[in-house]
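Listing of my_file.cif; format and content: mmCIF, C-alpha atoms.
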```
data_upload
loop_
_atom_site.label_atom_id
_atom_site.label_comp_id
_atom_site.auth_asym_id
_atom_site.auth_seq_id
_atom_site.Cartn_x
_atom_site.Cartn_y
_atom_site.Cartn_z
CA MET A 1 -24.05 5.25 -34.47
CA ALA A 2 -21.55 7.96 -35.17
CA LYS A 3 -18.57 8.29 -32.90
CA HIS A 4 -18.46 11.03 -30.31
CA HIS A 5 -16.20 13.97 -31.01
CA VAL A 6 -14.63 14.90 -27.68
CA THR A 7 -12.46 17.87 -26.78
CA ALA A 8 -10.57 17.71 -23.49
CA THR A 9 -7.39 18.90 -21.84
CA VAL A 10 -4.78 16.22 -21.19
CA ASN A 11 -1.72 17.21 -19.18
CA GLY A 12 -2.37 20.86 -19.97
CA GLU A 13 -2.79 20.44 -23.73
CA THR A 14 -6.04 20.55 -25.64
CA VAL A 15 -6.74 17.27 -27.40
CA GLU A 16 -9.54 16.06 -29.64
CA PHE A 17 -10.50 12.47 -30.23
CA LEU A 18 -13.27 10.30 -31.59
CA CYS A 19 -14.63 7.50 -29.44
CA GLU A 20 -17.51 5.08 -29.19
CA THR A 21 -19.84 5.23 -26.19
CA ARG A 22 -18.48 1.96 -24.88
CA GLN A 23 -14.82 3.04 -24.88
CA THR A 24 -13.42 3.88 -21.47
CA LEU A 25 -11.18 6.84 -20.79
CA LEU A 26 -8.40 4.29 -20.24
CA GLU A 27 -8.91 2.88 -23.73
CA VAL A 28 -9.02 6.37 -25.21
CA LEU A 29 -5.81 7.40 -23.47
CA ARG A 30 -3.95 4.30 -24.57
CA ASP A 31 -5.44 3.50 -27.98
CA GLU A 32 -6.55 6.87 -29.37
CA LEU A 33 -4.06 9.26 -27.76
CA GLN A 34 -1.13 6.79 -27.52
CA LEU A 35 -0.59 7.72 -23.87
CA THR A 36 0.32 4.20 -22.78
CA GLY A 37 1.81 5.16 -19.41
CA THR A 38 -1.59 4.57 -17.84
CA LYS A 39 -1.92 0.80 -17.37
CA GLU A 40 -4.83 -1.57 -17.37
CA GLY A 41 -4.83 -3.99 -14.45
CA CYS A 42 -8.26 -5.31 -13.59
CA GLY A 43 -10.57 -3.12 -15.65
CA THR A 44 -13.09 -3.10 -12.81
CA GLY A 45 -11.82 -0.37 -10.48
CA ASP A 46 -10.17 -2.69 -7.98
CA CYS A 47 -6.45 -2.26 -8.65
CA GLY A 48 -5.76 1.42 -9.32
CA ALA A 49 -3.21 0.80 -12.12
CA CYS A 50 -5.22 3.10 -14.41
CA SER A 51 -5.38 6.01 -11.93
CA VAL A 52 -5.59 9.49 -13.45
CA THR A 53 -7.09 12.73 -12.23
CA VAL A 54 -10.18 14.25 -13.87
CA ASN A 55 -10.70 17.89 -12.89
CA GLY A 56 -8.38 17.23 -9.96
CA ARG A 57 -10.24 14.16 -8.67
CA LEU A 58 -8.35 10.88 -8.50
CA VAL A 59 -10.30 8.21 -10.41
CA CYS A 60 -9.82 4.87 -12.14
CA SER A 61 -9.84 5.68 -15.86
CA CYS A 62 -11.30 2.21 -16.53
CA LEU A 63 -14.48 3.35 -14.74
CA VAL A 64 -14.87 6.56 -16.76
CA LEU A 65 -16.19 6.66 -20.31
CA GLY A 66 -14.12 8.51 -22.88
CA VAL A 67 -17.16 10.55 -23.86
CA GLU A 68 -17.42 11.80 -20.26
CA ALA A 69 -14.07 13.56 -20.71
CA GLN A 70 -15.72 16.28 -22.83
CA GLY A 71 -14.54 19.64 -21.46
CA LYS A 72 -12.61 18.04 -18.60
CA SER A 73 -8.98 18.42 -17.56
CA ILE A 74 -7.17 15.09 -17.26
CA CYS A 75 -3.74 14.48 -15.76
CA THR A 76 -1.85 11.26 -16.45
CA ILE A 77 1.58 9.91 -15.57
CA GLU A 78 2.93 11.45 -18.79
CA GLY A 79 2.38 14.90 -17.28
CA MET A 80 4.39 14.22 -14.15
CA ALA A 81 8.03 14.70 -15.17
CA GLN A 82 9.07 18.09 -16.54
CA GLY A 83 10.95 17.04 -19.66
CA GLU A 84 13.95 15.05 -18.45
CA LYS A 85 13.45 16.20 -14.86
CA LEU A 86 11.63 13.63 -12.78
CA HIS A 87 9.00 14.61 -10.24
CA PRO A 88 10.34 14.10 -6.68
CA LEU A 89 7.91 11.19 -6.25
CA GLN A 90 9.36 9.48 -9.32
CA ARG A 91 12.91 10.07 -8.08
CA LYS A 92 12.09 8.73 -4.62
CA PHE A 93 10.45 5.61 -6.09
CA LEU A 94 13.77 4.92 -7.85
CA GLU A 95 15.90 5.71 -4.79
CA HIS A 96 13.80 3.49 -2.53
CA ALA A 97 13.47 0.71 -5.12
CA ALA A 98 9.71 1.04 -4.77
CA LEU A 99 8.98 -0.86 -7.96
CA GLN A 100 9.76 -4.12 -9.68
CA CYS A 101 7.71 -4.92 -12.77
CA GLY A 102 6.40 -1.36 -12.89
CA VAL A 103 2.84 -1.98 -14.06
CA CYS A 104 1.32 -0.54 -10.90
CA THR A 105 3.83 2.32 -10.65
CA PRO A 106 2.12 4.99 -12.80
CA GLY A 107 -1.06 4.50 -10.80
CA PHE A 108 0.79 4.71 -7.49
CA LEU A 109 2.59 7.88 -8.60
CA VAL A 110 -0.55 9.63 -9.80
CA ALA A 111 -2.40 8.61 -6.63
CA ALA A 112 0.48 9.68 -4.38
CA ARG A 113 0.72 13.07 -6.09
CA SER A 114 -3.00 13.55 -5.56
CA LEU A 115 -2.51 12.80 -1.84
CA LEU A 116 0.41 15.22 -1.43
CA GLU A 117 -1.51 17.99 -3.17
CA ARG A 118 -4.22 17.66 -0.51
CA ASN A 119 -2.02 16.83 2.41
CA PRO A 120 1.68 17.77 2.18
CA ASP A 121 2.47 16.08 5.52
CA PRO A 122 0.61 12.76 5.66
CA SER A 123 1.22 10.18 8.37
CA GLU A 124 2.24 6.68 7.37
CA ALA A 125 -1.32 5.51 8.13
CA GLU A 126 -2.76 8.25 5.91
CA VAL A 127 -0.49 7.19 3.05
CA ARG A 128 -1.51 3.56 3.47
CA TYR A 129 -5.24 4.38 3.52
CA TRP A 130 -4.99 6.74 0.55
CA LEU A 131 -3.11 4.11 -1.49
CA ALA A 132 -5.39 1.23 -0.42
CA GLY A 133 -6.94 1.27 -3.90
CA ASN A 134 -3.59 0.70 -5.60
CA LEU A 135 -2.43 -2.90 -5.71
CA CYS A 136 1.19 -4.00 -6.17
CA ARG A 137 1.86 -7.71 -6.62
CA CYS A 138 5.68 -7.50 -6.63
CA THR A 139 7.25 -5.35 -3.96
CA GLY A 140 4.89 -5.29 -1.06
CA TYR A 141 4.00 -1.83 0.06
CA GLN A 142 6.70 -0.88 2.54
CA LYS A 143 9.10 0.69 0.05
CA ILE A 144 6.32 2.47 -1.76
CA VAL A 145 5.08 4.03 1.48
CA GLU A 146 8.62 5.01 2.46
CA ALA A 147 9.18 6.62 -0.95
CA VAL A 148 5.98 8.65 -0.68
CA LEU A 149 6.85 9.84 2.84
CA ASP A 150 10.37 10.74 1.73
CA ALA A 151 9.08 12.65 -1.29
CA ALA A 152 6.62 14.49 0.96
CA ARG A 153 9.49 15.54 3.21
CA GLU A 154 11.48 16.81 0.25
CA LEU A 155 8.52 18.67 -1.25
CA ARG A 156 7.88 20.36 2.12
CA GLY A 157 11.54 21.40 2.19
CA ALA A 158 11.94 19.62 5.52
CA MET B 159 -25.30 2.29 -27.52
CA ARG B 160 -26.31 5.93 -27.37
CA TYR B 161 -24.96 8.41 -24.84
CA GLU B 162 -26.81 11.55 -23.77
CA ALA B 163 -25.88 14.12 -21.15
CA PRO B 164 -29.03 16.17 -20.55
CA LYS B 165 -28.74 19.46 -18.68
CA THR B 166 -32.21 19.39 -17.12
CA LEU B 167 -34.35 16.89 -15.23
CA GLU B 168 -37.10 17.27 -17.84
CA ALA B 169 -34.73 16.29 -20.64
CA ALA B 170 -33.41 13.34 -18.63
CA LEU B 171 -36.94 12.08 -17.91
CA ALA B 172 -37.93 12.43 -21.57
CA LEU B 173 -34.96 10.24 -22.49
CA LEU B 174 -35.84 7.61 -19.88
CA VAL B 175 -39.48 7.48 -21.05
CA SER B 176 -38.44 7.19 -24.69
CA ARG B 177 -36.50 3.97 -24.17
CA GLU B 178 -38.87 2.09 -21.84
CA GLY B 179 -36.39 0.31 -19.65
CA GLN B 180 -33.63 0.06 -22.25
CA ALA B 181 -31.93 3.11 -20.75
CA ARG B 182 -29.60 3.18 -17.77
CA VAL B 183 -28.76 6.21 -15.69
CA LEU B 184 -25.02 6.93 -15.49
CA ALA B 185 -23.85 8.77 -12.38
CA GLY B 186 -20.47 7.62 -11.04
CA GLY B 187 -20.48 4.48 -13.17
CA THR B 188 -18.60 2.40 -10.60
CA ASP B 189 -21.29 -0.28 -10.68
CA LEU B 190 -22.74 0.25 -14.16
CA LEU B 191 -19.48 0.20 -16.12
CA VAL B 192 -18.41 -2.99 -14.34
CA GLN B 193 -21.80 -4.58 -15.15
CA MET B 194 -21.48 -3.53 -18.80
CA ARG B 195 -17.98 -4.93 -19.03
CA ALA B 196 -19.16 -8.24 -17.59
CA GLY B 197 -22.10 -8.35 -20.01
CA ARG B 198 -24.63 -8.13 -17.18
CA ALA B 199 -25.96 -4.79 -18.46
CA GLU B 200 -26.41 -3.95 -22.12
CA PRO B 201 -28.34 -0.68 -22.21
CA ALA B 202 -29.38 0.88 -25.50
CA LEU B 203 -29.00 4.34 -24.00
CA LEU B 204 -26.86 5.83 -21.25
CA VAL B 205 -28.28 8.93 -19.60
CA ASP B 206 -25.40 10.75 -17.90
CA VAL B 207 -27.05 12.87 -15.20
CA LYS B 208 -23.95 14.71 -14.03
CA GLY B 209 -24.85 17.78 -16.08
CA ILE B 210 -28.05 18.35 -14.05
CA PRO B 211 -27.33 20.94 -11.34
CA GLU B 212 -29.82 19.61 -8.75
CA MET B 213 -28.27 16.16 -8.99
CA THR B 214 -24.68 17.28 -8.48
CA SER B 215 -24.98 19.94 -5.76
CA ILE B 216 -25.17 20.05 -1.97
CA ALA B 217 -27.39 22.77 -0.50
CA GLU B 218 -28.33 23.67 3.07
CA GLU B 219 -32.02 24.46 3.31
CA GLY B 220 -32.76 25.98 6.72
CA GLY B 221 -30.60 23.48 8.58
CA ALA B 222 -31.55 20.56 6.36
CA PHE B 223 -29.21 19.26 3.66
CA ARG B 224 -30.35 18.63 0.09
CA ILE B 225 -27.77 16.33 -1.52
CA GLY B 226 -27.84 15.55 -5.23
CA ALA B 227 -28.01 11.84 -5.96
CA ALA B 228 -25.04 12.16 -8.34
CA VAL B 229 -22.66 13.95 -5.95
CA PRO B 230 -19.47 11.88 -5.74
CA CYS B 231 -18.44 10.57 -2.33
CA MET B 232 -15.26 12.67 -2.22
CA ASP B 233 -17.35 15.85 -2.57
CA LEU B 234 -19.39 14.74 0.46
CA ILE B 235 -16.23 13.98 2.45
CA ASP B 236 -14.68 17.34 1.48
CA HIS B 237 -17.82 19.39 2.17
CA PRO B 238 -17.16 22.18 4.70
CA ARG B 239 -20.23 21.40 6.88
CA LEU B 240 -21.74 18.01 6.11
CA PRO B 241 -19.18 15.79 7.90
CA ALA B 242 -19.56 17.80 11.12
CA VAL B 243 -23.37 17.72 11.06
CA TRP B 244 -23.85 14.12 9.82
CA PRO B 245 -20.66 12.23 10.76
CA GLY B 246 -22.45 8.87 10.61
CA ILE B 247 -23.39 9.43 6.96
CA ILE B 248 -19.76 10.21 6.22
CA ASP B 249 -18.64 7.08 8.15
CA GLY B 250 -20.48 5.01 5.52
CA VAL B 251 -19.44 7.11 2.55
CA LYS B 252 -15.77 6.81 3.52
CA LEU B 253 -16.02 3.01 3.43
CA ILE B 254 -17.21 2.84 -0.19
CA GLY B 255 -14.28 1.48 -2.21
CA SER B 256 -10.96 3.20 -2.75
CA ILE B 257 -10.21 6.93 -3.02
CA GLN B 258 -10.42 6.42 -6.80
CA VAL B 259 -13.85 4.81 -6.56
CA LYS B 260 -15.03 7.50 -4.12
CA GLY B 261 -13.97 10.10 -6.67
CA ARG B 262 -16.81 8.84 -8.87
CA ALA B 263 -19.23 6.74 -6.79
CA THR B 264 -22.40 8.40 -5.49
CA MET B 265 -24.92 7.77 -2.71
CA GLY B 266 -27.65 7.77 -5.35
CA GLY B 267 -25.91 4.98 -7.21
CA ASN B 268 -25.22 3.11 -3.98
CA LEU B 269 -28.96 3.16 -3.19
CA CYS B 270 -30.14 2.36 -6.74
CA ASN B 271 -27.69 -0.54 -7.10
CA ALA B 272 -29.61 -1.96 -4.15
CA SER B 273 -26.95 -4.18 -2.63
CA PRO B 274 -28.01 -5.19 0.88
CA ALA B 275 -24.41 -4.42 1.91
CA ALA B 276 -24.35 -0.84 0.52
CA ASP B 277 -22.32 1.13 3.05
CA SER B 278 -24.02 4.52 2.69
CA VAL B 279 -27.58 3.25 3.04
CA PRO B 280 -27.87 2.37 6.77
CA GLY B 281 -26.60 5.84 7.68
CA LEU B 282 -29.19 7.46 5.41
CA ILE B 283 -31.98 5.33 6.88
CA ALA B 284 -30.88 6.07 10.45
CA ALA B 285 -30.77 9.77 9.56
CA GLY B 286 -34.40 9.66 8.42
CA ALA B 287 -33.36 10.71 4.92
CA THR B 288 -35.93 11.08 2.18
CA ALA B 289 -35.32 10.26 -1.48
CA SER B 290 -36.74 12.78 -3.93
CA ILE B 291 -37.86 11.01 -7.10
CA ALA B 292 -38.85 12.61 -10.40
CA GLY B 293 -41.06 10.85 -12.92
CA PRO B 294 -43.43 11.56 -15.78
CA LYS B 295 -46.22 12.30 -13.28
CA GLY B 296 -44.14 14.69 -11.22
CA ARG B 297 -42.17 14.45 -7.99
CA ARG B 298 -42.61 12.07 -5.09
CA GLU B 299 -40.78 11.78 -1.80
CA LEU B 300 -39.96 8.33 -0.42
CA PRO B 301 -38.18 7.45 2.83
CA VAL B 302 -34.81 5.89 1.98
CA ALA B 303 -35.86 2.99 4.25
CA ASP B 304 -38.57 2.10 1.67
CA PHE B 305 -36.45 2.56 -1.47
CA ALA B 306 -34.64 -0.75 -1.82
CA LEU B 307 -36.86 -3.84 -2.02
CA GLY B 308 -34.24 -6.58 -2.32
CA PRO B 309 -30.91 -7.31 -4.01
CA GLY B 310 -30.90 -5.21 -7.22
CA LYS B 311 -34.57 -4.29 -6.79
CA THR B 312 -35.90 -0.84 -5.92
CA ALA B 313 -39.18 1.07 -5.72
CA LEU B 314 -38.02 3.16 -8.69
CA ALA B 315 -40.00 2.72 -11.93
CA PRO B 316 -37.96 2.49 -15.18
CA ASP B 317 -39.08 5.99 -16.17
CA GLU B 318 -38.26 7.51 -12.79
CA LEU B 319 -35.08 9.17 -11.61
CA LEU B 320 -33.66 9.45 -8.09
CA VAL B 321 -32.81 13.16 -7.96
CA SER B 322 -31.66 13.97 -4.46
CA PHE B 323 -31.69 13.16 -0.76
CA LEU B 324 -33.04 15.36 2.00
CA LEU B 325 -31.36 15.06 5.38
CA PRO B 326 -33.68 16.66 7.95
CA GLN B 327 -32.67 19.49 10.22
CA ARG B 328 -30.88 18.14 13.30
CA PRO B 329 -32.02 18.92 16.83
CA PRO B 330 -29.23 19.96 19.20
CA ARG B 331 -27.37 17.17 21.06
CA SER B 332 -27.65 14.74 18.13
CA GLY B 333 -25.06 12.26 16.92
CA ASP B 334 -24.85 9.40 14.46
CA ALA B 335 -22.38 6.67 13.53
CA TYR B 336 -22.01 3.72 11.18
CA LEU B 337 -19.80 0.69 11.69
CA ARG B 338 -19.36 -2.41 9.59
CA PHE B 339 -17.50 -5.67 9.95
CA THR B 340 -15.08 -6.66 7.19
CA PRO B 341 -12.02 -8.94 7.31
CA ARG B 342 -9.95 -6.04 5.92
CA THR B 343 -10.21 -2.39 6.98
CA GLU B 344 -10.43 -1.06 3.40
CA MET B 345 -11.62 -2.23 -0.02
CA ASP B 346 -14.09 -4.80 1.22
CA ILE B 347 -17.81 -5.53 1.28
CA ALA B 348 -19.71 -5.32 4.57
CA VAL B 349 -20.38 -8.67 6.22
CA ALA B 350 -22.69 -6.79 8.58
CA GLY B 351 -23.24 -3.12 9.35
CA ALA B 352 -25.10 -0.94 11.83
CA ALA B 353 -25.98 2.75 11.89
CA VAL B 354 -27.34 4.56 14.95
CA ASN B 355 -28.69 8.11 15.03
CA LEU B 356 -29.76 9.53 18.38
CA THR B 357 -30.73 12.77 20.11
CA LEU B 358 -30.32 13.61 23.80
CA ASP B 359 -32.48 15.99 25.80
CA ALA B 360 -31.04 18.63 28.15
CA GLN B 361 -30.71 15.96 30.89
CA SER B 362 -28.71 13.69 28.53
CA VAL B 363 -31.62 11.26 28.20
CA CYS B 364 -32.15 9.79 24.75
CA SER B 365 -35.26 11.45 23.31
CA ALA B 366 -35.08 10.16 19.73
CA ALA B 367 -33.27 7.28 18.04
CA ARG B 368 -33.20 5.41 14.76
CA VAL B 369 -31.24 2.23 14.11
CA SER B 370 -30.55 0.67 10.71
CA LEU B 371 -28.78 -2.58 9.91
CA GLY B 372 -26.99 -3.50 6.68
CA ALA B 373 -26.05 -6.81 5.03
CA VAL B 374 -28.23 -8.91 7.36
CA ALA B 375 -31.38 -9.08 5.24
CA GLU B 376 -32.47 -8.69 1.62
CA ARG B 377 -32.09 -4.92 2.09
CA ALA B 378 -30.92 -2.49 4.77
CA LEU B 379 -33.43 -2.56 7.63
CA LEU B 380 -34.91 0.13 9.85
CA VAL B 381 -35.26 -1.50 13.26
CA PRO B 382 -37.63 0.41 15.59
CA GLU B 383 -37.31 -2.27 18.33
CA ALA B 384 -33.58 -1.56 18.54
CA ALA B 385 -34.17 2.19 18.70
CA ALA B 386 -36.77 1.67 21.43
CA ALA B 387 -34.08 0.11 23.63
CA LEU B 388 -32.33 3.51 23.74
CA LEU B 389 -35.34 5.81 24.20
CA GLY B 390 -35.71 7.24 27.69
CA THR B 391 -32.29 5.95 28.78
CA ARG B 392 -28.89 7.58 29.20
CA VAL B 393 -27.56 5.07 26.66
CA ASP B 394 -25.93 3.23 29.54
CA ALA B 395 -24.58 -0.32 29.55
CA ALA B 396 -27.99 -1.89 30.18
CA ALA B 397 -29.58 0.06 27.32
CA LEU B 398 -26.74 -0.89 24.98
CA GLU B 399 -27.18 -4.53 25.95
CA ARG B 400 -30.89 -4.38 25.06
CA LEU B 401 -30.05 -2.54 21.83
CA GLY B 402 -27.61 -5.25 20.80
CA ALA B 403 -30.10 -8.01 21.56
CA ALA B 404 -32.85 -6.26 19.59
CA ALA B 405 -30.49 -5.67 16.66
CA SER B 406 -29.44 -9.32 16.56
CA ALA B 407 -33.09 -10.41 16.83
CA ALA B 408 -33.93 -8.36 13.71
CA CYS B 409 -31.27 -10.06 11.56
CA ARG B 410 -32.31 -12.53 8.89
CA PRO B 411 -29.03 -12.88 6.99
CA ILE B 412 -27.85 -15.30 4.36
CA ASP B 413 -25.05 -17.80 4.90
CA ASP B 414 -22.24 -17.21 2.44
CA LYS B 415 -18.48 -17.24 2.06
CA ARG B 416 -18.20 -13.83 3.73
CA GLY B 417 -20.04 -14.79 6.89
CA THR B 418 -22.31 -17.40 8.40
CA ARG B 419 -25.83 -16.59 9.54
CA GLU B 420 -24.81 -17.12 13.15
CA PHE B 421 -21.76 -14.87 12.90
CA ARG B 422 -23.61 -12.06 11.13
CA THR B 423 -26.41 -12.15 13.68
CA ARG B 424 -24.05 -12.01 16.62
CA VAL B 425 -21.65 -9.38 15.25
CA THR B 426 -24.55 -7.10 14.29
CA GLY B 427 -25.47 -6.76 17.95
CA VAL B 428 -21.87 -5.82 18.76
CA LEU B 429 -21.72 -3.30 15.91
CA ALA B 430 -25.01 -1.70 16.98
CA ARG B 431 -23.74 -1.28 20.55
CA ARG B 432 -20.45 0.21 19.43
CA ALA B 433 -22.11 2.51 16.87
CA ALA B 434 -24.50 3.74 19.57
CA ALA B 435 -21.58 4.48 21.89
CA ILE B 436 -19.90 6.56 19.15
CA ALA B 437 -23.18 8.31 18.31
CA LEU B 438 -23.59 9.12 22.03
CA GLU B 439 -20.14 10.70 22.23
CA ARG B 440 -20.83 12.72 19.11
CA ALA B 441 -24.19 13.86 20.50
CA LYS B 442 -22.46 15.07 23.66
CA GLU B 443 -19.81 16.90 21.63
CA ALA B 444 -22.54 18.50 19.52
CA SER B 445 -24.23 20.06 22.59
#
```
Let me see the structure of the file written as structure tokens.
Amino acid sequence: MAKHHVTATVNGETVEFLCETRQTLLEVLRDELQLTGTKEGCGTGDCGACSVTVNGRLVCSCLVLGVEAQGKSICTIEGMAQGEKLHPLQRKFLEHAALQCGVCTPGFLVAARSLLERNPDPSEAEVRYWLAGNLCRCTGYQKIVEAVLDAARELRGA
Amino acid sequence: MRYEAPKTLEAALALLVSREGQARVLAGGTDLLVQMRAGRAEPALLVDVKGIPEMTSIAEEGGAFRIGAAVPCMDLIDHPRLPAVWPGIIDGVKLIGSIQVKGRATMGGNLCNASPAADSVPGLIAAGATASIAGPKGRRELPVADFALGPGKTALAPDELLVSFLLPQRPPRSGDAYLRFTPRTEMDIAVAGAAVNLTLDAQSVCSAARVSLGAVAERALLVPEAAAALLGTRVDAAALERLGAAASAACRPIDDKRGTREFRTRVTGVLARRAAAIALERAKEAS
């Protein structure tokens, strides 16, 4: 059957793409829109590497179909830095060495931003629970949690 | 594979009828897309129901809640009233997968997927929730307790659609709670679960109770014998002891890598007691 013609907003810009029913939003982002910052880990919603927001809701883009993006607003890791200026979360991940191989990092950053938009002053436990769906196989989670808490402090101006 | 996103129930039902079992309903997709990827589901048609207002909204109807079957868990958790009125339902909803999964997953999908370990189902059964089902012959209402028949099997015909849940109006001094056992606190599948919903009278005596158990049978169970242990009591230690014994007696679990039959049976009694104690506190706070 014919491909679906989808119009959506990605990181504030209107985009159009063609996709098959079977293609996930993750595949569309990476293969059709060349936005390869979003990573595929498990492909089954367990690891969070493909985290994006759809209309403000944090989701795994591997569990969303591309065709479902019609009319939706999607934010990916590519929309996080302002030009050369890193988002405070990105800067704090670097300062705290909260990454090694980096495959999980875009997902952690998108998920952490989603948390701080809801809750600018999360406790350590709240950070850990919110990020429970993001798996990192290199660093352990301590530095990631510290980076998120530090970024939250900076964003609050504390 | 075709994809359709009907805007009305009538259009959705017409699509389901047209494909005679070759169609699958797409709500949150957190089970279906995984099944498709694994080759366990190969539908000819996906019917995305998220464009149907009744399936994606939460409405209060004279103290009762009508919850669309395709409302994502995070919308339930973020609702201004629902978590305060039905905290036990939200206990279960909060345990479904990660924040990312909860951003998509729905109670309707959780029920239709018919896993005996589904975390939102015992709370719905304990609440006395009704499933509103639309089909070619019209609407029917079915207690959630009678919806799942066994692993992956439900009372839903291929041309029927689970539209919404009705949570009944709550009497004053009511509380509910759901607890499960898992080796990890997050991102895990229930080894056993228990939901308790109770109401106290003006003298703090339990005047109504419903108890539901998850992951200890082929489907979540409504256990009237366990509820009977609470009725007419102040939900004291002796009543909780009888509740736990009745809950364990109702278990008929499988033995698998996540838990032995003996362990599941025993821990279910503990979970029921603890859930009842939380429900009691919530009922007192609600008065």
Of the candidates B:Gly417, B:Pro274, B:Gly187, B:Pro241, which shows the shortest atom-to-atom distance to Arg377 in chain B, using only C-alpha atoms?
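Checking each candidate against Arg377 in chain B, we get B:Pro274 as the closest.
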Translate the PyMOL selection byres ((chain A) within 6 of (chain B)) into a concrete residue list for this structure, as a short mmCIF file (atom, residue, chain, number, x, y, z; two decimals) with C-alpha atoms, in the coordinates of the input.
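The result, written out as selection.cif:
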```
data_model
loop_
_atom_site.label_atom_id
_atom_site.label_comp_id
_atom_site.auth_asym_id
_atom_site.auth_seq_id
_atom_site.Cartn_x
_atom_site.Cartn_y
_atom_site.Cartn_z
CA THR A 44 -13.09 -3.10 -12.81
CA ARG A 57 -10.24 14.16 -8.67
CA LEU A 58 -8.35 10.88 -8.50
CA VAL A 59 -10.30 8.21 -10.41
CA CYS A 60 -9.82 4.87 -12.14
CA LEU A 63 -14.48 3.35 -14.74
CA GLY A 133 -6.94 1.27 -3.90
#
```
Using all atoms listed in the file, can you tell me which of B:Leu319, B:Leu325, B:Cys364, B:Ile436 comes closest to Ala170 in chain B?
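Closest to Ala170 in chain B, using all atoms listed in the file: B:Leu319.
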Mind checking which residues fall within 7 Å of range 22-34 of chain A, counting only C-alpha atoms, ignoring those fewer than 2 positions away in the same chain, and posting them as a PyMOL selection string?
chain A and resi 17+19-20+36+50+61-66
Just the selected residues (C-alpha atoms), exported as a PDB file, keeping the file's coordinate frame, please.
```pdb
ATOM      1  CA  PHE A  17     -10.500  12.470 -30.230  1.00  0.00           C
ATOM      2  CA  CYS A  19     -14.630   7.500 -29.440  1.00  0.00           C
ATOM      3  CA  GLU A  20     -17.510   5.080 -29.190  1.00  0.00           C
ATOM      4  CA  THR A  36       0.320   4.200 -22.780  1.00  0.00           C
ATOM      5  CA  CYS A  50      -5.220   3.100 -14.410  1.00  0.00           C
ATOM      6  CA  SER A  61      -9.840   5.680 -15.860  1.00  0.00           C
ATOM      7  CA  CYS A  62     -11.300   2.210 -16.530  1.00  0.00           C
ATOM      8  CA  LEU A  63     -14.480   3.350 -14.740  1.00  0.00           C
ATOM      9  CA  VAL A  64     -14.870   6.560 -16.760  1.00  0.00           C
ATOM     10  CA  LEU A  65     -16.190   6.660 -20.310  1.00  0.00           C
ATOM     11  CA  GLY A  66     -14.120   8.510 -22.880  1.00  0.00           C
TER      12      GLY A  66
END
```
As a ChimeraX atom specification, please: the residues near range 112-115 of chain A (cut-off 8 Å, all atoms listed in the file, same-chain neighbours under 2 positions excluded).
/A:53,56-58,89,108-110,117-120,127,130-131,148
Closest of A:Cys138, A:Val67, A:Leu35, A:Ile144 to Ala98 in chain A - atom-to-atom distances counting only C-alpha atoms:
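Among the listed residues, the smallest separation from Ala98 in chain A belongs to A:Ile144.
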Could you tell me how far CA of Gln90 in chain A sits from CA of Val54 in chain A, in Å to one decimal place?
20.6 Å
Report as a PyMOL selection string the full result of the PyMOL selection byres ((chain B and resi 421-434) around 8) when it is applied to this structure.
chain B and resi 334-339+349-356+369+371+374+393+398-399+401-407+409-411+417-420+435-438
Tell me which of A:Val145, A:Leu18, A:Ala158, A:Leu135 sits closest to Gly45 in chain A, counting all atoms listed in the file.
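With all atoms listed in the file as the atom set, the closest residue is A:Leu135.
Here CA of Ser273 in chain B is placed at a distance of 5.2 Å from CA of Pro309 in chain B.
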What's the separation between CA of Asp394 in chain B and CA of Pro382 in chain B, in Å to one decimal place?
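Spanning CA of Asp394 in chain B to CA of Pro382 in chain B is a straight-line distance of 18.4 Å.
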Can you list what the PyMOL selection byres ((chain B and resi 302) around 12) grabs from this structure, as a compact mmCIF listing (two decimals) with C-alpha atoms, keeping the file's coordinate frame?
```txt
# COMPACT_ATOMS: atom_id res chain seq x y z
CA MET B 265 -24.92 7.77 -2.71
CA GLY B 266 -27.65 7.77 -5.35
CA ASN B 268 -25.22 3.11 -3.98
CA LEU B 269 -28.96 3.16 -3.19
CA CYS B 270 -30.14 2.36 -6.74
CA ALA B 272 -29.61 -1.96 -4.15
CA SER B 278 -24.02 4.52 2.69
CA VAL B 279 -27.58 3.25 3.04
CA PRO B 280 -27.87 2.37 6.77
CA GLY B 281 -26.60 5.84 7.68
CA LEU B 282 -29.19 7.46 5.41
CA ILE B 283 -31.98 5.33 6.88
CA ALA B 284 -30.88 6.07 10.45
CA ALA B 285 -30.77 9.77 9.56
CA GLY B 286 -34.40 9.66 8.42
CA ALA B 287 -33.36 10.71 4.92
CA THR B 288 -35.93 11.08 2.18
CA ALA B 289 -35.32 10.26 -1.48
CA SER B 290 -36.74 12.78 -3.93
CA ILE B 291 -37.86 11.01 -7.10
CA GLU B 299 -40.78 11.78 -1.80
CA LEU B 300 -39.96 8.33 -0.42
CA PRO B 301 -38.18 7.45 2.83
CA ALA B 303 -35.86 2.99 4.25
CA ASP B 304 -38.57 2.10 1.67
CA PHE B 305 -36.45 2.56 -1.47
CA ALA B 306 -34.64 -0.75 -1.82
CA LEU B 307 -36.86 -3.84 -2.02
CA THR B 312 -35.90 -0.84 -5.92
CA ALA B 313 -39.18 1.07 -5.72
CA LEU B 314 -38.02 3.16 -8.69
CA LEU B 320 -33.66 9.45 -8.09
CA SER B 322 -31.66 13.97 -4.46
CA PHE B 323 -31.69 13.16 -0.76
CA LEU B 324 -33.04 15.36 2.00
CA LEU B 325 -31.36 15.06 5.38
CA SER B 370 -30.55 0.67 10.71
CA ARG B 377 -32.09 -4.92 2.09
CA ALA B 378 -30.92 -2.49 4.77
CA LEU B 379 -33.43 -2.56 7.63
CA LEU B 380 -34.91 0.13 9.85
```
